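Chemist: Quick one: the structure is below, and I'll ask about it shortly.
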Amino acid sequence: MRLCAWYLYGEKHRGYALNPVANFHLQNGSVMWRINWMADTSPRGITASCGMMVNYRYFLEDTASNSAAYLGTKQIKASEQVLSLVSQFQQNSKL
């Protein structure tokens with residue numbers, strides 16, 4: 001889950017999220033909300049993402065500012081759960 005969080009939050013292409021689904025939601029002003037372990041146990045889900053899925057949450061009053069921040073400064077809004085997983089990855093990673 002830590003690696004998944006890092007991939008979604010930290011891996012970039014030209015400063016934006018590398019994952020196209022994450023990039024889509026973040027451009028539209030969402031918050032990277034929660035990573036779910038074994039949320040998609042179908043053969044395709046296991047193959048594509050080891051069964052993990054992410055929830056993006058839209059707070060209507062914040063979507064415009066979140067979108068502007070992401071598009072302007074490439075800042076990703078994320079929940080404490082996601083940020084905690086990213087921090088744990090960074091502390092334990094040898095990358």
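The way I read the labels, and the way they are meant: chains A, B, ... in the order of the structure tokens, residue 1 as the first residue of every chain, and ligand 1 as the first ligand shown, with later ones counted on from there.
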So which residues touch A:Glu80 within 10 Å, counting only C-alpha atoms, skipping near sequence neighbours fewer than 4 positions away, as a ChimeraX atom specification?
Modeler: /A:32-34,84-86
Chemist: Okay, now the selection with N, CA and C atoms, as a compact mmCIF listing (two decimals), in the first residue's frame?
Modeler:
```txt
# COMPACT_ATOMS: atom_id res chain seq x y z
N MET A 32 -7.14 13.00 -3.33
CA MET A 32 -6.77 11.58 -3.29
C MET A 32 -7.11 11.11 -1.88
N TRP A 33 -8.19 10.36 -1.73
CA TRP A 33 -8.81 10.18 -0.43
C TRP A 33 -8.38 8.92 0.31
N ARG A 34 -8.47 7.75 -0.34
CA ARG A 34 -8.21 6.51 0.40
C ARG A 34 -7.72 5.44 -0.56
N SER A 84 0.22 9.66 4.97
CA SER A 84 0.92 8.80 5.92
C SER A 84 1.60 7.64 5.20
N LEU A 85 0.90 7.03 4.25
CA LEU A 85 1.50 5.94 3.48
C LEU A 85 2.68 6.43 2.65
N VAL A 86 2.57 7.62 2.07
CA VAL A 86 3.67 8.20 1.30
C VAL A 86 4.87 8.43 2.22
```
Chemist: Can you tell me, as a PyMOL selection string, what residues are no more than 10 Å from A:His25 when counting only C-alpha atoms, ignoring any on the same chain fewer than 3 positions away?
Modeler: chain A and resi 20-22+28-32+55-58+67
Chemist: Store the residues picked out above, limited to C-alpha atoms, as a tab-separated table (two decimals), in the first residue's frame.
Modeler:
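Printed below is again.tsv as written:
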```
chain	number	residue	atom	x	y	z
A	20	PRO	CA	-3.77	8.72	-16.03
A	21	VAL	CA	-6.80	8.05	-13.81
A	22	ALA	CA	-5.23	9.95	-10.91
A	28	ASN	CA	-10.96	17.99	-11.92
A	29	GLY	CA	-10.32	19.09	-8.33
A	30	SER	CA	-10.61	15.90	-6.31
A	31	VAL	CA	-8.70	14.86	-3.20
A	32	MET	CA	-6.77	11.58	-3.29
A	55	ASN	CA	-11.03	6.62	-3.89
A	56	TYR	CA	-11.04	10.21	-5.06
A	57	ARG	CA	-13.31	12.51	-3.12
A	58	TYR	CA	-14.82	15.70	-4.45
A	67	SER	CA	-7.94	21.99	-9.66
```
Chemist: Please identify all polymer residues within 9 Å of A:Lys74, counting only C-alpha atoms, omitting same-chain residues fewer than 2 positions from it, and present them as a list of chain:residue names.
Modeler: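 Here the answer would be A:Gly15, A:Tyr16, A:Ala17, A:Ala68, A:Ala69, A:Tyr70, A:Leu71, A:Gly72, A:Ile76.
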Chemist: May I have the selected residues written with N, CA and C atoms, as a PDB file, in the first residue's frame?
Modeler:
```pdb
ATOM      1  N   GLY A  15       5.681  16.716 -14.060  1.00  0.00           N
ATOM      2  CA  GLY A  15       5.172  17.352 -12.853  1.00  0.00           C
ATOM      3  C   GLY A  15       3.782  16.931 -12.428  1.00  0.00           C
ATOM      4  N   TYR A  16       3.075  16.235 -13.297  1.00  0.00           N
ATOM      5  CA  TYR A  16       1.718  15.791 -12.983  1.00  0.00           C
ATOM      6  C   TYR A  16       1.724  14.291 -12.666  1.00  0.00           C
ATOM      7  N   ALA A  17       0.652  13.827 -12.028  1.00  0.00           N
ATOM      8  CA  ALA A  17       0.556  12.414 -11.650  1.00  0.00           C
ATOM      9  C   ALA A  17       0.785  11.523 -12.868  1.00  0.00           C
ATOM     10  N   ALA A  68      -7.124  24.276  -9.630  1.00  0.00           N
ATOM     11  CA  ALA A  68      -6.183  25.350  -9.948  1.00  0.00           C
ATOM     12  C   ALA A  68      -4.814  25.081  -9.342  1.00  0.00           C
ATOM     13  N   ALA A  69      -4.778  24.586  -8.103  1.00  0.00           N
ATOM     14  CA  ALA A  69      -3.507  24.282  -7.446  1.00  0.00           C
ATOM     15  C   ALA A  69      -2.775  23.168  -8.176  1.00  0.00           C
ATOM     16  N   TYR A  70      -3.503  22.151  -8.589  1.00  0.00           N
ATOM     17  CA  TYR A  70      -2.874  21.028  -9.298  1.00  0.00           C
ATOM     18  C   TYR A  70      -2.359  21.475 -10.667  1.00  0.00           C
ATOM     19  N   LEU A  71      -3.176  22.177 -11.406  1.00  0.00           N
ATOM     20  CA  LEU A  71      -2.776  22.602 -12.749  1.00  0.00           C
ATOM     21  C   LEU A  71      -1.715  23.690 -12.717  1.00  0.00           C
ATOM     22  N   GLY A  72      -1.777  24.567 -11.715  1.00  0.00           N
ATOM     23  CA  GLY A  72      -0.834  25.678 -11.648  1.00  0.00           C
ATOM     24  C   GLY A  72       0.487  25.341 -10.997  1.00  0.00           C
ATOM     25  N   ILE A  76      -0.686  18.153  -5.272  1.00  0.00           N
ATOM     26  CA  ILE A  76      -1.726  17.132  -5.126  1.00  0.00           C
ATOM     27  C   ILE A  76      -2.346  17.249  -3.738  1.00  0.00           C
TER      28      ILE A  76
END
```
Chemist: If you run DSSP on this backbone, which residues of chain A come out as alpha helix (DSSP H), and could you give them as number ranges by chain?
Modeler: A: 2-10, 20-27, 43-49, 63-73, 80-92
Chemist: Interatomic distance between atom CA of A:Arg2 and atom CA of A:Leu60?
Modeler: 28.1 Å
Chemist: Quick one: pull the distance between atom CA of A:Lys94 and atom CA of A:Ser49, Å, one decimal.
Modeler: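 If I compute the distance from atom CA of A:Lys94 to atom CA of A:Ser49, I get 21.8 Å.
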Chemist: Between A:Val82, A:Met1, A:Leu18, A:Ala64, which residue has the minimum interatomic distance to A:Trp37, considering only C-alpha atoms?
Modeler: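 Closest to A:Trp37 of all the choices is A:Met1.
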Chemist: Between A:Asn19, A:Phe59, A:Leu3, A:Glu11, single out the one closest to A:Gln91, counting only C-alpha atoms.
Modeler: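 Nearest to A:Gln91: A:Leu3.
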